[in-house]
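Quick look at coords.cif (mmCIF, C-alpha atoms and all ligand atoms):
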data_target
#
loop_
_atom_site.label_atom_id
_atom_site.label_comp_id
_atom_site.auth_asym_id
_atom_site.auth_seq_id
_atom_site.Cartn_x
_atom_site.Cartn_y
_atom_site.Cartn_z
CA MET A 1 -47.02 26.14 3.69
CA GLU A 2 -47.78 24.65 7.06
CA LEU A 3 -50.90 22.69 7.81
CA ILE A 4 -52.36 22.69 11.31
CA HIS A 5 -53.06 19.20 12.58
CA VAL A 6 -56.13 18.27 14.62
CA ASP A 7 -55.93 14.94 16.43
CA GLY A 8 -58.63 12.29 16.22
CA LYS A 9 -59.52 8.89 14.84
CA ASP A 10 -57.63 7.98 11.70
CA ALA A 11 -59.96 8.21 8.70
CA GLY A 12 -57.30 8.67 6.05
CA THR A 13 -55.92 11.96 4.88
CA ILE A 14 -58.37 14.84 5.29
CA THR A 15 -57.27 18.35 4.37
CA LEU A 16 -59.42 21.44 4.77
CA TYR A 17 -58.60 24.65 2.93
CA ALA A 18 -60.42 27.42 4.75
CA LEU A 19 -60.68 31.13 5.45
CA SER A 20 -60.38 32.32 9.04
CA THR A 21 -63.36 34.69 8.65
CA CYS A 22 -65.79 32.38 6.88
CA GLY A 23 -68.85 30.95 8.65
CA HIS A 24 -69.15 27.94 6.35
CA CYS A 25 -65.50 27.06 6.95
CA LYS A 26 -66.04 27.26 10.70
CA ARG A 27 -69.10 25.06 10.46
CA THR A 28 -67.14 22.49 8.45
CA ARG A 29 -64.39 22.42 11.06
CA GLN A 30 -66.89 22.05 13.87
CA PHE A 31 -68.45 19.14 12.02
CA LEU A 32 -65.09 17.41 11.56
CA ASN A 33 -64.45 17.95 15.28
CA GLU A 34 -67.82 16.36 16.10
CA LEU A 35 -67.02 13.39 13.90
CA GLY A 36 -63.81 13.07 15.92
CA VAL A 37 -61.59 12.37 12.92
CA ALA A 38 -58.01 13.52 12.52
CA TYR A 39 -57.53 16.21 9.88
CA ASP A 40 -55.27 19.02 8.77
CA TYR A 41 -56.38 22.52 7.91
CA ILE A 42 -54.99 25.76 6.67
CA GLU A 43 -56.44 29.28 6.68
CA VAL A 44 -55.45 30.70 3.33
CA ASP A 45 -56.41 34.32 4.10
CA LEU A 46 -53.69 34.42 6.78
CA LEU A 47 -50.88 33.44 4.40
CA HIS A 48 -48.52 35.67 2.46
CA GLY A 49 -46.02 35.38 -0.35
CA GLU A 50 -44.95 31.91 -1.44
CA ALA A 51 -46.98 30.11 1.20
CA PHE A 52 -50.08 31.88 -0.07
CA ASP A 53 -49.37 31.05 -3.72
CA GLU A 54 -48.68 27.43 -2.90
CA ALA A 55 -51.87 27.02 -0.87
CA TYR A 56 -54.15 28.92 -3.25
CA ASN A 57 -52.80 27.03 -6.26
CA LEU A 58 -53.62 23.79 -4.46
CA VAL A 59 -57.14 25.00 -3.73
CA LYS A 60 -57.62 25.83 -7.43
CA LYS A 61 -56.18 22.46 -8.42
CA TYR A 62 -58.83 20.67 -6.36
CA ASN A 63 -61.57 23.24 -6.92
CA PRO A 64 -61.07 25.37 -10.06
CA HIS A 65 -63.53 27.89 -8.63
CA GLY A 66 -61.02 28.68 -5.90
CA SER A 67 -63.71 28.98 -3.23
CA PHE A 68 -63.86 27.98 0.45
CA PRO A 69 -64.20 25.68 2.29
CA THR A 70 -62.53 23.13 -0.01
CA LEU A 71 -62.20 19.76 1.65
CA VAL A 72 -60.02 16.98 0.19
CA ILE A 73 -60.74 13.50 1.53
CA GLY A 74 -58.82 10.23 1.33
CA SER A 75 -56.32 8.74 -1.07
CA GLU A 76 -58.79 9.21 -3.95
CA GLU A 77 -58.88 12.88 -3.11
CA THR A 78 -62.64 13.32 -3.07
CA VAL A 79 -63.27 17.04 -3.15
CA ILE A 80 -66.22 18.66 -1.37
CA VAL A 81 -66.76 22.38 -1.80
CA GLY A 82 -68.93 24.20 0.74
CA ASP A 83 -70.34 23.05 4.06
CA ARG A 84 -72.17 20.05 2.61
CA LEU A 85 -72.18 18.18 5.87
CA LYS A 86 -74.12 15.12 4.69
CA GLU A 87 -71.76 14.63 1.78
CA ILE A 88 -68.78 15.07 4.08
CA ARG A 89 -70.13 12.44 6.45
CA ALA A 90 -70.70 10.02 3.56
CA ALA A 91 -67.26 10.61 2.06
CA ILE A 92 -65.52 10.03 5.38
CA GLY A 93 -67.57 6.87 5.80
CA LYS A 94 -68.95 7.38 9.29
CA MET B 1 -59.15 43.11 18.22
CA VAL B 2 -62.82 42.66 17.46
CA THR B 3 -64.85 42.37 20.68
CA ARG B 4 -68.23 40.78 21.29
CA PHE B 5 -69.55 44.24 21.86
CA ASP B 6 -68.42 45.35 18.38
CA VAL B 7 -70.11 42.33 16.85
CA GLU B 8 -73.33 42.97 18.75
CA ARG B 9 -73.42 46.62 17.73
CA ARG B 10 -72.75 45.94 14.06
CA TYR B 11 -75.22 43.06 14.02
CA LEU B 12 -78.00 45.31 15.33
CA ALA B 13 -77.13 48.05 12.83
CA LEU B 14 -77.14 45.60 9.91
CA LYS B 15 -80.41 44.10 11.08
CA LYS B 16 -82.06 47.49 11.31
CA ASP B 17 -80.79 48.54 7.87
CA ALA B 18 -81.89 45.24 6.37
CA GLU B 19 -85.38 45.49 7.81
CA GLN B 20 -85.80 49.06 6.63
CA ALA B 21 -84.71 48.16 3.10
CA GLY B 22 -86.76 44.97 2.74
CA TYR B 23 -83.90 42.52 3.27
CA PHE B 24 -83.58 39.78 5.88
CA LEU B 25 -80.59 38.66 7.89
CA ASN B 26 -80.12 34.93 8.40
CA PRO B 27 -82.31 33.95 11.39
CA ASP B 28 -79.52 31.66 12.71
CA GLU B 29 -78.18 34.33 15.04
CA ASP B 30 -74.98 32.57 16.08
CA PHE B 31 -74.02 31.87 12.49
CA THR B 32 -74.90 35.42 11.45
CA LYS B 33 -72.80 36.90 14.24
CA GLU B 34 -69.85 34.76 13.14
CA LEU B 35 -70.16 36.38 9.72
CA VAL B 36 -70.42 39.85 11.26
CA HIS B 37 -67.27 39.04 13.23
CA GLY B 38 -65.57 38.09 9.96
CA LEU B 39 -66.67 41.35 8.35
CA LEU B 40 -65.22 43.36 11.24
CA VAL B 41 -61.96 41.41 11.14
CA ASN B 42 -61.69 42.14 7.42
CA GLU B 43 -62.47 45.80 8.00
CA ASP B 44 -59.55 45.96 10.45
CA ARG B 45 -57.26 43.94 8.24
CA TYR B 46 -57.95 45.44 4.81
CA GLY B 47 -59.58 48.79 5.65
CA PHE B 48 -62.87 47.81 4.04
CA ALA B 49 -65.57 45.28 4.92
CA SER B 50 -64.73 42.62 2.38
CA CYS B 51 -66.92 39.52 2.18
CA PRO B 52 -66.03 37.12 5.04
CA CYS B 53 -66.45 34.00 2.86
CA ARG B 54 -64.31 35.16 -0.05
CA LEU B 55 -60.58 35.53 -0.34
CA CYS B 56 -59.60 39.19 -0.54
CA VAL B 57 -56.32 39.94 -2.28
CA GLY B 58 -55.13 43.42 -3.26
CA PRO B 59 -56.43 46.93 -2.53
CA ARG B 60 -59.99 48.22 -2.32
CA GLU B 61 -60.06 49.30 -6.00
CA VAL B 62 -59.83 45.74 -7.25
CA ASN B 63 -62.21 44.35 -4.63
CA LEU B 64 -65.12 46.78 -4.87
CA ASP B 65 -67.37 43.98 -6.05
CA ILE B 66 -66.92 41.98 -2.82
CA ILE B 67 -67.37 44.77 -0.28
CA CYS B 68 -70.40 43.79 1.77
CA PRO B 69 -73.14 43.98 0.57
CA CYS B 70 -71.44 42.65 -2.55
CA ASP B 71 -72.46 43.24 -6.18
CA TYR B 72 -73.74 39.66 -6.28
CA ARG B 73 -76.12 39.73 -3.31
CA ASP B 74 -79.31 40.64 -5.13
CA SER B 75 -78.79 38.19 -8.00
CA ASP B 76 -78.04 35.39 -5.53
CA LEU B 77 -81.04 36.26 -3.35
CA ALA B 78 -83.25 36.16 -6.44
CA GLU B 79 -81.85 32.87 -7.74
CA TYR B 80 -81.04 30.96 -4.54
CA GLY B 81 -82.78 32.80 -1.71
CA THR B 82 -79.46 33.52 -0.02
CA CYS B 83 -76.32 35.57 -0.58
CA TYR B 84 -73.09 33.60 -0.98
CA CYS B 85 -72.26 33.79 2.75
CA ALA B 86 -75.89 33.40 3.87
CA LEU B 87 -75.75 36.65 5.82
CA TYR B 88 -78.75 37.87 3.80
CA VAL B 89 -81.56 35.45 3.02
CA SER B 90 -84.99 35.52 1.38
CA GLY B 91 -88.19 36.07 3.37
CA GLU B 92 -88.99 32.39 2.96
CA ILE B 93 -85.72 31.31 4.55
CA ALA B 94 -85.98 34.03 7.21
CA GLU B 95 -89.32 32.53 8.25
CA GLY B 96 -87.81 29.07 8.44
CA LYS B 97 -89.89 27.67 5.56
CA ARG B 98 -86.79 26.75 3.61
CA GLN B 99 -83.21 25.91 4.52
CA VAL B 100 -80.05 27.58 3.27
CA GLU B 101 -78.08 25.41 0.82
CA PRO B 102 -74.48 26.11 -0.23
CA ILE B 103 -74.43 28.07 -3.51
CA PRO B 104 -71.71 28.66 -6.12
CA ASP B 105 -69.64 31.85 -5.96
CA ARG B 106 -70.65 34.15 -8.82
CA ARG B 107 -67.31 35.92 -8.58
CA GLY B 108 -65.18 32.89 -9.40
CA PRO B 109 -61.48 32.55 -8.45
CA VAL B 110 -59.61 35.63 -7.24
CA PRO B 111 -59.24 37.74 -10.42
CA SER B 112 -55.74 38.01 -11.80
CA GLU B 113 -55.74 41.79 -11.37
CA CYS B 114 -56.13 41.23 -7.64
CA LEU B 115 -53.33 38.67 -7.58
CA THR B 116 -50.92 40.97 -9.36
CA ALA B 117 -52.63 44.00 -7.75
CA GLN B 118 -50.94 46.11 -10.40
CA GLN B 119 -53.80 46.81 -12.73
CA LYS B 120 -55.52 50.15 -12.76
CA ALA B 121 -58.32 50.77 -10.31
CA GLY B 122 -61.86 49.81 -11.16
CA ALA B 123 -63.84 46.62 -11.03
CA PRO B 124 -64.37 45.03 -14.46
CA ALA B 125 -67.07 47.34 -15.80
CA ALA B 126 -69.35 46.41 -18.62
CA SER B 127 -69.04 49.31 -21.03
CA ALA B 128 -72.06 51.61 -21.05
CA PRO B 129 -74.44 50.78 -23.92
CA ALA B 130 -74.75 53.15 -26.87
CA VAL B 131 -77.76 55.44 -26.67
CA PRO B 132 -79.65 56.90 -29.61
CA GLY B 133 -78.87 60.56 -29.00
CA PRO B 134 -76.71 62.57 -26.65
CA LEU B 135 -77.99 62.59 -23.07
CA PRO B 136 -78.07 65.84 -21.12
CA TYR B 137 -76.54 63.90 -18.19
CA PRO B 138 -74.78 60.55 -17.90
CA VAL B 139 -76.68 57.88 -15.94
CA PHE B 140 -74.95 56.11 -13.05
CA ARG B 141 -75.98 52.82 -11.51
CA CYS B 142 -75.35 51.61 -7.96
CA ARG B 143 -73.92 48.11 -8.31
CA VAL B 144 -75.23 47.15 -4.90
CA CYS B 145 -78.92 48.01 -5.19
CA GLY B 146 -79.46 49.07 -8.81
CA TYR B 147 -80.39 52.69 -8.04
CA LEU B 148 -80.06 54.90 -11.15
CA CYS B 149 -79.42 58.62 -11.25
CA ALA B 150 -78.79 61.09 -14.08
CA ARG B 151 -76.23 63.67 -12.96
CA ASP B 152 -72.67 64.76 -13.64
CA GLU B 153 -71.20 62.43 -11.02
CA PRO B 154 -72.49 59.66 -8.79
CA PRO B 155 -73.52 60.76 -5.27
CA GLU B 156 -71.05 60.46 -2.37
CA LYS B 157 -73.28 57.71 -0.96
CA CYS B 158 -76.15 55.86 -2.55
CA PRO B 159 -79.34 57.49 -1.17
CA ILE B 160 -81.07 54.11 -1.25
CA CYS B 161 -78.58 51.62 0.20
CA GLY B 162 -75.72 53.81 1.45
CA ALA B 163 -73.03 52.27 -0.78
CA GLU B 164 -69.99 54.50 -1.34
CA LYS B 165 -69.45 56.53 -4.51
CA ASP B 166 -66.90 54.10 -5.95
CA ARG B 167 -69.55 51.35 -6.06
CA PHE B 168 -71.30 53.21 -8.93
CA GLU B 169 -70.77 52.39 -12.59
CA LYS B 170 -71.66 54.46 -15.64
CA PHE B 171 -74.83 52.95 -17.05
CA MET B 172 -75.57 55.22 -20.02
CA GLY B 173 -74.23 58.33 -21.68
S1 LIG C 201 -73.82 40.20 0.85
FE1 LIG C 201 -72.10 39.43 -0.32
S2 LIG C 201 -70.33 40.24 0.78
FE2 LIG C 201 -72.04 40.40 2.18
S3 LIG C 201 -71.94 38.52 3.36
FE3 LIG C 201 -73.34 38.15 1.63
S4 LIG C 201 -72.05 37.24 0.06
FE4 LIG C 201 -70.65 38.15 1.56
#

Could the structure of this file be written out as C-alpha cells, please?
Amino acid sequence: MELIHVDGKDAGTITLYALSTCGHCKRTRQFLNELGVAYDYIEVDLLHGEAFDEAYNLVKKYNPHGSFPTLVIGSEETVIVGDRLKEIRAAIGK
Amino acid sequence: MVTRFDVERRYLALKKDAEQAGYFLNPDEDFTKELVHGLLVNEDRYGFASCPCRLCVGPREVNLDIICPCDYRDSDLAEYGTCYCALYVSGEIAEGKRQVEPIPDRRGPVPSECLTAQQKAGAPAASAPAVPGPLPYPVFRCRVCGYLCARDEPPEKCPICGAEKDRFEKFMG
C-alpha cells in the first residue's frame, strides 16, 4: 500500500483515505492544499488485491462505517469523516 | 477517457430528467459536474454507473443498491435534504436557502458479499410480506422511486424513473 505524498508545511502526520471519483474527497484535498500543509493520501478505489485489503481495513479501523473521505490527523489520530472543512481546520490547528 | 464533452452531455441529461421528475440537482455546478465525471468514470470502469462517493467492489448484481440513483436517494432527500453524494438536493437547498451538510452513508461498509463477490446475485431483499389471500398477480416495487405494479414480471425499465428491471423487488404475492 503506497501513500502519495503532498509537500507543504509540517503539521504532523495527516493521512487522507479517499476515492478518486468522489466530490467530497476532492474538496477535502483541495482544502488541505489551500491550508498548505503536508499530507499523504491514497485512493482506495484504484487499489487491488492485498493493497486494497490493507487500505480498506485501515479505513474501517479508523471509521467503522468504511466511508470516504476518512481523514486521520496527528499523533492522537483524530478522525474526521466527510468534508467537514471547519472541523478539519480546527483539528490541524491553523 | 471521460471528456469534458461527455460530462456536459450527461449533466444536461440528468438535469432535464431531474426537473421532469420533481428532483433537483445540486446548484453548485462545478461540484455537480465533478460527480457526473465520477459517475462516467465508474460506468467505464465497472460497466454500470455506481455511486461516485461509495466504494464499489464486485459485480453489478451485488451493487444494484448503489447504481445511481441509488436505493437510498429518496430516504436521504426526505431526511437530510440531500443524497449521500449531494448530486440530488431538496428544493430548499437548490434555491440556496439551506446548505448541504455531510450525511452518514445508509449503506454502511462494503457488504461482505461484495468483498467475497461469490454470493448469489441479488441485493439483500426484505422478504415480501404475507398477504391475506392469493393475489392474481405478484406486486413489484421499483427500489429507486417506489413505483408499484401488479404483473407477472417487472417491466424492462421503470416507466416512472427509467431504472432497469433488476432494480425491482417483489413487494407482495
Ligand atoms: S443518488 Fe445515490 S448514487 Fe447517485 S450520486 Fe446520490 S448518493 Fe450517489

Practice item. Considering all atoms listed in the file, extract the chain B residues located within 6 Å of chain A and return them as a ChimeraX atom specification. Key: /B:34-35,38,52-53,102,108-109

Name the residues in contact with Tyr39 (chain A) at a cut-off of 8 Å, using only C-alpha atoms, excluding same-chain residues fewer than 5 positions from it; report them as a list in words.
->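 Within the cut-off, the hits are His5, Val6, Asp7, Gly8, Thr13, Ile14, Thr15, Leu16 and Leu32 of chain A.
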
Would you output that residue set with C-alpha atoms, as a CSV table (one decimal), keeping the file's coordinate frame?
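As a result, again-v6.csv now contains:
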chain,number,residue,atom,x,y,z
A,5,HIS,CA,-53.1,19.2,12.6
A,6,VAL,CA,-56.1,18.3,14.6
A,7,ASP,CA,-55.9,14.9,16.4
A,8,GLY,CA,-58.6,12.3,16.2
A,13,THR,CA,-55.9,12.0,4.9
A,14,ILE,CA,-58.4,14.8,5.3
A,15,THR,CA,-57.3,18.4,4.4
A,16,LEU,CA,-59.4,21.4,4.8
A,32,LEU,CA,-65.1,17.4,11.6

Open item on the list: ligand LIG 201 (chain C): which residues are within 10 Å, counting only C-alpha atoms and all ligand atoms? Reply as a ChimeraX atom specification.
Closed with: /A:22-23 /B:25,32,35-36,38-39,49-54,65-74,76-77,82-89,105-107,144

query: So, counting only C-alpha atoms, which residue among B:Val110, B:Ile160, B:Leu40, B:Leu115 is closest to Asp6 (chain B)?
result: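 Among the listed residues, B:Leu40 lies closest to Asp6 (chain B).
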
Using only C-alpha atoms, pick whichever of B:Phe24, B:Phe5, B:Phe168, B:Tyr46 has the shortest atom-to-atom distance to Gly96 (chain B).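 Among the listed residues, B:Phe24 lies closest to Gly96 (chain B).
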
Notebook entry, point to check: Can you tell me how far CA of Ala38 (chain A) sits from CA of Phe31 (chain B), in Å to one decimal?
Noted result: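 Value for the CA of Ala38 (chain A)-CA of Phe31 (chain B) distance: 24.4 Å.
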
| So how many Å separate CA of Glu87 (chain A) and CA of Glu79 (chain B), to one decimal? |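 It comes out at 22.9 Å.
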
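CA of Lys165 (chain B) sits 13.9 Å away from CA of Phe48 (chain B).
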